[in-house]
Amino acid sequence: MRINNIEKIVTVIVTLFIALSCINRVEKNFTEKDIHIIPKPAELMLEKGSFEFTRETHFVVSNDSQKELANILVNKFKNAVGWDLKFLEKTTSNNFIAFHTNDNLIEDAYELEVTKNSVTITAGSNSGFIYGLETISQLLPPSIESKELVSEVDWVIPTVQIKDAPRFKYRGLMLDISRHFFNKEYIKKTIDGLAMHKMNVLHLHLVDDQGWRIEIKKYPKLTEVGAWRVDQEDKHWIDRRTVSPEEKGTYGGFLTQDELKEIVKYAQSKNVEIIPEIEMPAHVTCAIAAYPFLSCFEKPVGVPSGSVWPITDIYCAGKETTFEFLENVLAEVIDIFPSKYIHIGGDEATKTNWKTCPHCQKRMKNEGLTEVEELQSYFVKRIEKFINLNGKKLIGWDEILEGGLAPEATVMSWRGVKGGLEAAAQGHDVIMTPGTHCYFDHYQGPQEEEPLAIGGFTPLSKVYQFDPVVESMTSEEAAHVLGGQANLWSEYIPTESHSEYMIFPRLAALSETLWSPKSLRNWDDFTNRIHTMFERYTYQGRNYAKSSFLVTANTTVDLNNKKLSLTLQNEFPLSDVRYILNNGNLNKNAIRYTVPLEINESTIVKASLFENDKPVGNVFEDTIIFHKALAHPVKYINSYHEKYIGAGAYGLVNALRGTKNFRDGQWQGWLNNDMEVVIDLEKKELIHQVTVGALDHQRPDIYLPTSIEVLVSNDGVNFTQVKKINIPFAKSDQLKLQNFNIKFDELETQFVKVIATCLKETPKGGGAWLFIDEILVE
């Protein structure tokens, strides 16, 4: 009897505890500003209230497939909270996540209904369920991505109704694992990132001149020889010497067929299609190194360690053995990849050898072809026929248009949008991937602050401006646009960490351009949401770029009044940018930037983005020097080249300095010619130093001057040399800005002549550029 009383007391206490807990729990209400989903859903209706995940939350699933999908979220709770959420086959009264099938929804579409008691994902296929789960993950706090236990987090999401579907069916990323090899685990991690952003294609660039990365069992030398190159990673990509066929390669790697099948299976679980690219007829030096018979003249070659241009070692289009080889290779590739498409490259083929190869000439005669471009068309069409017979469709870069497009081919337009426009007008499907917006091997911030890249400038905001449909397209042509793709070529990306840096967060911007309705695109709104994505990246251990935080400056000069106007900004609207002048400290007391700075004397400017009263990212710093030549007339004895005019007649005396980007509009250039100018100070001035700013960027043939001479005159006719410095030539693969300070005893003069001598001829034998941004007279 006493035991029964105790049990009753315990029951009452527990009941009261639960009741009090419910009373004390304040229901959280959300606003639209609290919802940071990327890409933005097509329709979202926010309601009052929230759903709370607890250790008692369970999933209602009707089959093993749904259970496997639910594990996407179950595993996150297991890692971050330590909960092992359960599965049930029937719906209970509350606290559950349920899957509902609606066959009327299009591929990848889903609906999400969150109430106070339950969460329901409705989709017509697994892909829709996957994206519904990804949306739930993004409604949860960012710490749901943690691989370690976190505490004191409310696992609460808003009550919402979402109806969502993609604008484009093809949403891709190309990963080049040929120029630098990345392993299976990194590829899987990249697939996770794609799925999180509702991207559904990973285009694997498996073959290029510098490495063959896929096991082909019929041709083992492709990986025994073609997957390995002589290690010259200590040298710049374009400065690596040509290797002989006898030299053994030690740098490289490849994926076995079993590894690739594992990657494919993993990708399928994330609704990511792997499209393999097997380059042809060019970008195949690695294959020719393994099997010389594939080329026109069968000359042995080594696997290149770096840049190859022009690409003349290409497959022979005249030999039947070439097509036998390619069909055997493609048969094994098709067996590995269940994708709808096979990408054959088709770009940048220099057909010099085809013009003199007896096999190619015989083929052209037999097929009634007059131009080698037609021979490439024959090549592509023949390969397409084989691919089609095996149940696949062919994709190629837009060069496959040359000489006539294969009947069923899909064109990937990379040289702007022209190829896509042409292909769509012919009734072919196209995937837009223009270099201007989609080449993730470009810089995404100021070159001075960024790791080495191939060039260009494609910041986060520019990616967000991308649209695959060109305004001039008709509705019929636009219907042929399958979507878009980012490309990450890896010549200048030697590590997985660097690769990740180039992909994220630009992939987030691209995902929204390909998924969300164009009418919802809003940069200000996106920048509010991307900060939460940064937190998710951090928990996931991603090395994402913070380039969008960087403060940059736009400077204009008023030469008449000798003053500068300096505008500070980063990529985020309404950012808290603060600055100091000269010797102040850049801390919470720094000046908040609101209007352009007016500068009329030599000044040091330091600035940074601030969050929570603390500087974020690298500090911007610029030194502006008001020197005695500022805004004075300059006479050009030797004029600058028409391609690089800088700021024009006063460009060398405007106090605006050039950056490491030689196309920034501040550099004046001389090709195979000396710079010789006369500066008129317009009255006699005491001077003791002349500084000449130059650029050393030897890869595009920009070299430092070999000497600089300073002369002075009081009549502008008769000049006297005051000093000359000689600058020894030094080969360098580093891009650098260099000031040459020519000091001399103080003297009085009105005219200053400066002669900077151009190298004239590069070590490679070509023409040399001389780039100068400013001549400072003090």
# chains A, B, ... in the order shown; residues from 1 in each chain; ligands from 1
>>> select_by_dssp(residues="segment 537-711 of chain A", states="alpha helix (DSSP H)", output="ChimeraX atom specification")
/A:537-540
>>> write_last_selection(atoms="N, CA and C atoms", output="PDB file, in the first residue's frame")
ATOM      1  N   TYR A 537      29.356  27.010 -43.050  1.00  0.00           N
ATOM      2  CA  TYR A 537      30.640  26.588 -43.623  1.00  0.00           C
ATOM      3  C   TYR A 537      31.673  26.349 -42.523  1.00  0.00           C
ATOM      4  N   THR A 538      31.680  27.237 -41.536  1.00  0.00           N
ATOM      5  CA  THR A 538      32.662  27.114 -40.452  1.00  0.00           C
ATOM      6  C   THR A 538      32.449  25.811 -39.682  1.00  0.00           C
ATOM      7  N   TYR A 539      31.205  25.510 -39.334  1.00  0.00           N
ATOM      8  CA  TYR A 539      30.923  24.252 -38.630  1.00  0.00           C
ATOM      9  C   TYR A 539      31.266  23.036 -39.484  1.00  0.00           C
ATOM     10  N   GLN A 540      31.123  23.169 -40.803  1.00  0.00           N
ATOM     11  CA  GLN A 540      31.429  22.054 -41.698  1.00  0.00           C
ATOM     12  C   GLN A 540      32.925  21.894 -41.959  1.00  0.00           C
TER      13      GLN A 540
END
>>> residues_around(residues="segment 33-36 of chain A", least_positions_apart="2", cutoff="10 Å", atoms="only C-alpha atoms", output="PyMOL selection string")
chain A and resi 29-31+38-40+44+46+135+138-140+157-158+525-533
>>> write_last_selection(atoms="N, CA and C atoms", output="JSON list (two decimals), in the first residue's frame")
[["chain", "number", "residue", "atom", "x", "y", "z"],
["A", 29, "ASN", "N", 8.75, 32.97, -31.78],
["A", 29, "ASN", "CA", 8.16, 33.41, -33.04],
["A", 29, "ASN", "C", 9.26, 34.01, -33.91],
["A", 30, "PHE", "N", 9.16, 33.76, -35.19],
["A", 30, "PHE", "CA", 10.18, 34.19, -36.14],
["A", 30, "PHE", "C", 9.65, 35.30, -37.03],
["A", 31, "THR", "N", 10.57, 36.07, -37.60],
["A", 31, "THR", "CA", 10.24, 37.01, -38.66],
["A", 31, "THR", "C", 10.94, 36.53, -39.93],
["A", 38, "ILE", "N", 19.35, 29.46, -48.53],
["A", 38, "ILE", "CA", 19.99, 29.67, -49.84],
["A", 38, "ILE", "C", 20.06, 28.32, -50.54],
["A", 39, "PRO", "N", 19.50, 28.23, -51.76],
["A", 39, "PRO", "CA", 18.84, 29.28, -52.54],
["A", 39, "PRO", "C", 17.44, 29.60, -52.01],
["A", 40, "LYS", "N", 17.00, 30.80, -52.28],
["A", 40, "LYS", "CA", 15.73, 31.29, -51.75],
["A", 40, "LYS", "C", 14.58, 30.47, -52.32],
["A", 44, "LEU", "N", 7.20, 31.07, -49.87],
["A", 44, "LEU", "CA", 7.33, 30.83, -48.43],
["A", 44, "LEU", "C", 6.31, 31.69, -47.69],
["A", 46, "LEU", "N", 5.21, 32.49, -43.85],
["A", 46, "LEU", "CA", 5.59, 32.35, -42.44],
["A", 46, "LEU", "C", 4.35, 32.50, -41.56],
["A", 135, "THR", "N", 16.38, 22.05, -46.72],
["A", 135, "THR", "CA", 15.74, 23.29, -46.27],
["A", 135, "THR", "C", 15.51, 23.26, -44.76],
["A", 138, "GLN", "N", 18.59, 24.17, -43.05],
["A", 138, "GLN", "CA", 18.90, 25.60, -43.08],
["A", 138, "GLN", "C", 17.93, 26.43, -42.23],
["A", 139, "LEU", "N", 16.79, 25.84, -41.85],
["A", 139, "LEU", "CA", 15.93, 26.52, -40.88],
["A", 139, "LEU", "C", 16.46, 26.35, -39.46],
["A", 140, "LEU", "N", 17.19, 25.27, -39.24],
["A", 140, "LEU", "CA", 17.78, 25.03, -37.92],
["A", 140, "LEU", "C", 18.98, 25.95, -37.69],
["A", 157, "ILE", "N", 12.53, 25.49, -35.22],
["A", 157, "ILE", "CA", 12.37, 26.06, -36.56],
["A", 157, "ILE", "C", 11.01, 26.74, -36.66],
["A", 158, "PRO", "N", 10.87, 27.71, -37.55],
["A", 158, "PRO", "CA", 9.60, 28.45, -37.64],
["A", 158, "PRO", "C", 8.50, 27.61, -38.29],
["A", 525, "ASP", "N", 19.10, 41.35, -50.02],
["A", 525, "ASP", "CA", 18.51, 40.24, -49.26],
["A", 525, "ASP", "C", 19.48, 39.07, -49.19],
["A", 526, "PHE", "N", 20.13, 38.76, -50.31],
["A", 526, "PHE", "CA", 21.08, 37.65, -50.34],
["A", 526, "PHE", "C", 22.23, 37.89, -49.36],
["A", 527, "THR", "N", 22.74, 39.10, -49.31],
["A", 527, "THR", "CA", 23.87, 39.37, -48.41],
["A", 527, "THR", "C", 23.47, 39.25, -46.95],
["A", 528, "ASN", "N", 22.20, 39.47, -46.64],
["A", 528, "ASN", "CA", 21.74, 39.25, -45.26],
["A", 528, "ASN", "C", 21.74, 37.76, -44.92],
["A", 529, "ARG", "N", 21.42, 36.93, -45.92],
["A", 529, "ARG", "CA", 21.34, 35.49, -45.68],
["A", 529, "ARG", "C", 22.70, 34.80, -45.73],
["A", 530, "ILE", "N", 23.65, 35.34, -46.50],
["A", 530, "ILE", "CA", 24.92, 34.65, -46.71],
["A", 530, "ILE", "C", 25.74, 34.58, -45.42],
["A", 531, "HIS", "N", 25.55, 35.52, -44.51],
["A", 531, "HIS", "CA", 26.33, 35.50, -43.27],
["A", 531, "HIS", "C", 26.04, 34.23, -42.45],
["A", 532, "THR", "N", 24.78, 33.81, -42.46],
["A", 532, "THR", "CA", 24.44, 32.57, -41.75],
["A", 532, "THR", "C", 25.07, 31.37, -42.46],
["A", 533, "MET", "N", 25.13, 31.43, -43.80],
["A", 533, "MET", "CA", 25.80, 30.35, -44.55],
["A", 533, "MET", "C", 27.28, 30.29, -44.19]]
>>> closest_residue(among="A:Thr101, A:Ser62, A:Ser548, A:Ser490", to="Asp208 of chain A", atoms="only C-alpha atoms")
A:Ser490
>>> closest_atom_pairs(of="segment 421-500 of chain A", to="segment 378-398 of chain A", cutoff="10 Å", atoms="only C-alpha atoms", output="Markdown table")
| residue | atom | partner | partner_atom | distance |
| --- | --- | --- | --- | --- |
| A:Glu422 | CA | A:Asp398 | CA | 9.4 |
| A:Ala423 | CA | A:Asp398 | CA | 8.5 |
| A:Asp429 | CA | A:Ile395 | CA | 9.4 |
| A:Val430 | CA | A:Ile395 | CA | 8.9 |
| A:Ile431 | CA | A:Ile395 | CA | 9.1 |
| A:Met432 | CA | A:Asp398 | CA | 10.0 |
| A:Thr433 | CA | A:Trp397 | CA | 9.7 |
>>> write_last_selection(atoms="N, CA, C and O atoms", output="PDB file, in the first residue's frame")
ATOM      1  N   GLU A 422      24.040  30.513 -80.539  1.00  0.00           N
ATOM      2  CA  GLU A 422      24.084  29.843 -81.836  1.00  0.00           C
ATOM      3  C   GLU A 422      23.480  28.444 -81.750  1.00  0.00           C
ATOM      4  O   GLU A 422      22.689  28.036 -82.614  1.00  0.00           O
ATOM      5  N   ALA A 423      23.850  27.693 -80.703  1.00  0.00           N
ATOM      6  CA  ALA A 423      23.341  26.327 -80.565  1.00  0.00           C
ATOM      7  C   ALA A 423      21.839  26.320 -80.325  1.00  0.00           C
ATOM      8  O   ALA A 423      21.101  25.506 -80.915  1.00  0.00           O
ATOM      9  N   ASP A 429      20.136  21.838 -77.184  1.00  0.00           N
ATOM     10  CA  ASP A 429      20.178  22.206 -75.776  1.00  0.00           C
ATOM     11  C   ASP A 429      21.532  22.825 -75.444  1.00  0.00           C
ATOM     12  O   ASP A 429      22.569  22.449 -76.017  1.00  0.00           O
ATOM     13  N   VAL A 430      21.518  23.769 -74.500  1.00  0.00           N
ATOM     14  CA  VAL A 430      22.750  24.451 -74.108  1.00  0.00           C
ATOM     15  C   VAL A 430      22.828  24.557 -72.597  1.00  0.00           C
ATOM     16  O   VAL A 430      21.812  24.601 -71.897  1.00  0.00           O
ATOM     17  N   ILE A 431      24.054  24.581 -72.116  1.00  0.00           N
ATOM     18  CA  ILE A 431      24.355  24.848 -70.706  1.00  0.00           C
ATOM     19  C   ILE A 431      25.282  26.052 -70.691  1.00  0.00           C
ATOM     20  O   ILE A 431      26.344  26.036 -71.314  1.00  0.00           O
ATOM     21  N   MET A 432      24.863  27.102 -70.012  1.00  0.00           N
ATOM     22  CA  MET A 432      25.631  28.338 -70.017  1.00  0.00           C
ATOM     23  C   MET A 432      26.672  28.335 -68.893  1.00  0.00           C
ATOM     24  O   MET A 432      26.348  28.081 -67.728  1.00  0.00           O
ATOM     25  N   THR A 433      27.909  28.631 -69.272  1.00  0.00           N
ATOM     26  CA  THR A 433      28.993  28.682 -68.291  1.00  0.00           C
ATOM     27  C   THR A 433      30.034  29.708 -68.727  1.00  0.00           C
ATOM     28  O   THR A 433      31.219  29.380 -68.860  1.00  0.00           O
TER      29      THR A 433
END
>>> select_by_dssp(residues="segment 501-715 of chain A", states="strand (DSSP E)", output="VMD selection string")
chain A and resid 552 to 558 563 to 569 577 to 581 591 to 592 597 to 599 603 to 611 614 to 624 634 to 638 668 to 671 675 to 696 707 to 713
>>> closest_residue(among="A:Tyr636, A:Phe534, A:Phe59, A:Phe129", to="Asn95 of chain A", atoms="only C-alpha atoms")
A:Phe59
>>> residues_around(residues="Asn183 of chain A", least_positions_apart="3", cutoff="10 Å", atoms="only C-alpha atoms", output="PDB file with all heavy atoms, in the first residue's frame")
ATOM      1  N   ILE A 177      40.179  17.714 -61.898  1.00  0.00           N
ATOM      2  CA  ILE A 177      41.106  16.934 -61.072  1.00  0.00           C
ATOM      3  C   ILE A 177      42.263  16.411 -61.915  1.00  0.00           C
ATOM      4  O   ILE A 177      42.993  15.521 -61.486  1.00  0.00           O
ATOM      5  CB  ILE A 177      40.401  15.785 -60.328  1.00  0.00           C
ATOM      6  CG1 ILE A 177      39.864  14.738 -61.302  1.00  0.00           C
ATOM      7  CG2 ILE A 177      39.294  16.315 -59.439  1.00  0.00           C
ATOM      8  CD1 ILE A 177      39.376  13.471 -60.600  1.00  0.00           C
ATOM      9  N   TYR A 186      37.742  14.208 -50.845  1.00  0.00           N
ATOM     10  CA  TYR A 186      37.469  15.615 -51.150  1.00  0.00           C
ATOM     11  C   TYR A 186      36.312  15.736 -52.135  1.00  0.00           C
ATOM     12  O   TYR A 186      35.465  16.631 -52.014  1.00  0.00           O
ATOM     13  CB  TYR A 186      38.703  16.308 -51.710  1.00  0.00           C
ATOM     14  CG  TYR A 186      38.413  17.736 -52.125  1.00  0.00           C
ATOM     15  CD1 TYR A 186      38.126  18.700 -51.165  1.00  0.00           C
ATOM     16  CD2 TYR A 186      38.362  18.101 -53.465  1.00  0.00           C
ATOM     17  CE1 TYR A 186      37.821  20.005 -51.529  1.00  0.00           C
ATOM     18  CE2 TYR A 186      38.059  19.398 -53.838  1.00  0.00           C
ATOM     19  CZ  TYR A 186      37.788  20.343 -52.863  1.00  0.00           C
ATOM     20  OH  TYR A 186      37.471  21.637 -53.226  1.00  0.00           O
ATOM     21  N   ILE A 187      36.251  14.840 -53.095  1.00  0.00           N
ATOM     22  CA  ILE A 187      35.149  14.867 -54.057  1.00  0.00           C
ATOM     23  C   ILE A 187      33.820  14.646 -53.336  1.00  0.00           C
ATOM     24  O   ILE A 187      32.820  15.318 -53.618  1.00  0.00           O
ATOM     25  CB  ILE A 187      35.376  13.821 -55.166  1.00  0.00           C
ATOM     26  CG1 ILE A 187      36.611  14.203 -55.993  1.00  0.00           C
ATOM     27  CG2 ILE A 187      34.153  13.710 -56.070  1.00  0.00           C
ATOM     28  CD1 ILE A 187      37.050  13.138 -56.977  1.00  0.00           C
ATOM     29  N   LYS A 188      33.801  13.724 -52.372  1.00  0.00           N
ATOM     30  CA  LYS A 188      32.578  13.493 -51.596  1.00  0.00           C
ATOM     31  C   LYS A 188      32.187  14.738 -50.799  1.00  0.00           C
ATOM     32  O   LYS A 188      31.004  15.089 -50.706  1.00  0.00           O
ATOM     33  CB  LYS A 188      32.773  12.309 -50.646  1.00  0.00           C
ATOM     34  CG  LYS A 188      32.737  10.949 -51.321  1.00  0.00           C
ATOM     35  CD  LYS A 188      32.843   9.845 -50.268  1.00  0.00           C
ATOM     36  CE  LYS A 188      32.678   8.472 -50.844  1.00  0.00           C
ATOM     37  NZ  LYS A 188      32.743   7.421 -49.807  1.00  0.00           N
ATOM     38  N   GLY A 253      48.287  10.974 -59.684  1.00  0.00           N
ATOM     39  CA  GLY A 253      47.371  10.030 -59.060  1.00  0.00           C
ATOM     40  C   GLY A 253      46.182   9.774 -59.969  1.00  0.00           C
ATOM     41  O   GLY A 253      46.033  10.414 -61.016  1.00  0.00           O
ATOM     42  N   PHE A 254      45.331   8.845 -59.576  1.00  0.00           N
ATOM     43  CA  PHE A 254      44.140   8.538 -60.351  1.00  0.00           C
ATOM     44  C   PHE A 254      43.128   7.846 -59.454  1.00  0.00           C
ATOM     45  O   PHE A 254      43.443   7.414 -58.336  1.00  0.00           O
ATOM     46  CB  PHE A 254      44.486   7.664 -61.570  1.00  0.00           C
ATOM     47  CG  PHE A 254      45.010   6.287 -61.217  1.00  0.00           C
ATOM     48  CD1 PHE A 254      44.155   5.190 -61.142  1.00  0.00           C
ATOM     49  CD2 PHE A 254      46.367   6.089 -60.973  1.00  0.00           C
ATOM     50  CE1 PHE A 254      44.633   3.931 -60.811  1.00  0.00           C
ATOM     51  CE2 PHE A 254      46.854   4.833 -60.643  1.00  0.00           C
ATOM     52  CZ  PHE A 254      45.981   3.745 -60.565  1.00  0.00           C
ATOM     53  N   LEU A 255      41.908   7.756 -59.963  1.00  0.00           N
ATOM     54  CA  LEU A 255      40.834   7.070 -59.253  1.00  0.00           C
ATOM     55  C   LEU A 255      40.580   5.727 -59.928  1.00  0.00           C
ATOM     56  O   LEU A 255      40.456   5.648 -61.158  1.00  0.00           O
ATOM     57  CB  LEU A 255      39.559   7.910 -59.272  1.00  0.00           C
ATOM     58  CG  LEU A 255      39.638   9.240 -58.515  1.00  0.00           C
ATOM     59  CD1 LEU A 255      38.455  10.125 -58.872  1.00  0.00           C
ATOM     60  CD2 LEU A 255      39.700   9.023 -57.015  1.00  0.00           C
ATOM     61  N   GLU A 259      36.642   3.073 -56.960  1.00  0.00           N
ATOM     62  CA  GLU A 259      36.511   4.353 -56.258  1.00  0.00           C
ATOM     63  C   GLU A 259      35.497   5.245 -56.957  1.00  0.00           C
ATOM     64  O   GLU A 259      34.678   5.906 -56.301  1.00  0.00           O
ATOM     65  CB  GLU A 259      37.865   5.051 -56.179  1.00  0.00           C
ATOM     66  CG  GLU A 259      38.834   4.429 -55.196  1.00  0.00           C
ATOM     67  CD  GLU A 259      40.191   5.105 -55.199  1.00  0.00           C
ATOM     68  OE1 GLU A 259      40.718   5.375 -56.305  1.00  0.00           O
ATOM     69  OE2 GLU A 259      40.736   5.357 -54.112  1.00  0.00           O
ATOM     70  N   GLU A 496      43.516  20.891 -51.987  1.00  0.00           N
ATOM     71  CA  GLU A 496      42.071  20.807 -51.776  1.00  0.00           C
ATOM     72  C   GLU A 496      41.560  22.020 -51.008  1.00  0.00           C
ATOM     73  O   GLU A 496      40.459  22.516 -51.266  1.00  0.00           O
ATOM     74  CB  GLU A 496      41.751  19.506 -51.036  1.00  0.00           C
ATOM     75  CG  GLU A 496      42.055  18.272 -51.874  1.00  0.00           C
ATOM     76  CD  GLU A 496      42.035  16.969 -51.098  1.00  0.00           C
ATOM     77  OE1 GLU A 496      41.847  17.040 -49.863  1.00  0.00           O
ATOM     78  OE2 GLU A 496      42.201  15.902 -51.712  1.00  0.00           O
TER      79      GLU A 496
END
>>> atom_distance(atom1="atom CA of Pro494 of chain A", atom2="atom CA of Ile400 of chain A")
29.5 Å
>>> residues_around(residues="Ile344 of chain A", least_positions_apart="3", cutoff="6 Å", atoms="only C-alpha atoms", output="number ranges by chain")
A: 277-280, 396
>>> write_last_selection(atoms="all heavy atoms", output="PDB file, in the first residue's frame")
ATOM      1  N   GLU A 277      34.083  13.838 -67.949  1.00  0.00           N
ATOM      2  CA  GLU A 277      34.611  14.455 -69.160  1.00  0.00           C
ATOM      3  C   GLU A 277      35.883  13.733 -69.584  1.00  0.00           C
ATOM      4  O   GLU A 277      36.863  13.688 -68.829  1.00  0.00           O
ATOM      5  CB  GLU A 277      34.904  15.943 -68.963  1.00  0.00           C
ATOM      6  CG  GLU A 277      35.411  16.595 -70.249  1.00  0.00           C
ATOM      7  CD  GLU A 277      35.739  18.074 -70.090  1.00  0.00           C
ATOM      8  OE1 GLU A 277      35.538  18.622 -68.989  1.00  0.00           O
ATOM      9  OE2 GLU A 277      36.219  18.677 -71.081  1.00  0.00           O
ATOM     10  N   ILE A 278      35.856  13.181 -70.775  1.00  0.00           N
ATOM     11  CA  ILE A 278      37.005  12.515 -71.381  1.00  0.00           C
ATOM     12  C   ILE A 278      37.386  13.352 -72.600  1.00  0.00           C
ATOM     13  O   ILE A 278      36.744  13.271 -73.652  1.00  0.00           O
ATOM     14  CB  ILE A 278      36.668  11.060 -71.794  1.00  0.00           C
ATOM     15  CG1 ILE A 278      36.048  10.301 -70.610  1.00  0.00           C
ATOM     16  CG2 ILE A 278      37.910  10.356 -72.328  1.00  0.00           C
ATOM     17  CD1 ILE A 278      36.950  10.139 -69.407  1.00  0.00           C
ATOM     18  N   GLU A 279      38.404  14.192 -72.445  1.00  0.00           N
ATOM     19  CA  GLU A 279      38.751  15.164 -73.489  1.00  0.00           C
ATOM     20  C   GLU A 279      39.135  14.490 -74.803  1.00  0.00           C
ATOM     21  O   GLU A 279      39.767  13.433 -74.823  1.00  0.00           O
ATOM     22  CB  GLU A 279      39.928  16.028 -73.018  1.00  0.00           C
ATOM     23  CG  GLU A 279      39.524  17.192 -72.133  1.00  0.00           C
ATOM     24  CD  GLU A 279      39.137  18.440 -72.926  1.00  0.00           C
ATOM     25  OE1 GLU A 279      38.886  18.326 -74.148  1.00  0.00           O
ATOM     26  OE2 GLU A 279      39.085  19.521 -72.311  1.00  0.00           O
ATOM     27  N   MET A 280      38.768  15.159 -75.916  1.00  0.00           N
ATOM     28  CA  MET A 280      39.173  14.757 -77.256  1.00  0.00           C
ATOM     29  C   MET A 280      38.740  15.852 -78.225  1.00  0.00           C
ATOM     30  O   MET A 280      37.781  16.554 -77.952  1.00  0.00           O
ATOM     31  CB  MET A 280      38.534  13.407 -77.642  1.00  0.00           C
ATOM     32  CG  MET A 280      37.011  13.390 -77.642  1.00  0.00           C
ATOM     33  SD  MET A 280      36.298  11.759 -77.955  1.00  0.00           S
ATOM     34  CE  MET A 280      36.426  10.984 -76.348  1.00  0.00           C
ATOM     35  N   GLY A 396      29.695  18.912 -75.272  1.00  0.00           N
ATOM     36  CA  GLY A 396      31.032  19.407 -75.588  1.00  0.00           C
ATOM     37  C   GLY A 396      31.098  20.905 -75.379  1.00  0.00           C
ATOM     38  O   GLY A 396      30.068  21.595 -75.338  1.00  0.00           O
TER      39      GLY A 396
END
>>> residues_around(residues="Val225 of chain A", least_positions_apart="2", cutoff="10 Å", atoms="only C-alpha atoms", output="PyMOL selection string")
chain A and resi 211-212+220-223+227-229+245+248-250+286-291+302-303
>>> closest_residue(among="A:Leu671, A:Ile121, A:Val329, A:Leu133", to="Glu642 of chain A", atoms="only C-alpha atoms")
A:Leu671
>>> residues_around(residues="Leu711 of chain A", least_positions_apart="6", cutoff="7 Å", atoms="only C-alpha atoms", output="list in words")
Phe719, Thr720, Gln721, Val722, Val752, Lys753 and Val754 of chain A
>>> closest_residue(among="A:Thr120, A:Thr706, A:Ser413, A:Asn714", to="Ala730 of chain A", atoms="only C-alpha atoms")
A:Thr706
>>> residues_around(residues="Lys743 of chain A", least_positions_apart="4", cutoff="9 Å", atoms="only C-alpha atoms", output="PyMOL selection string")
chain A and resi 688-691+723
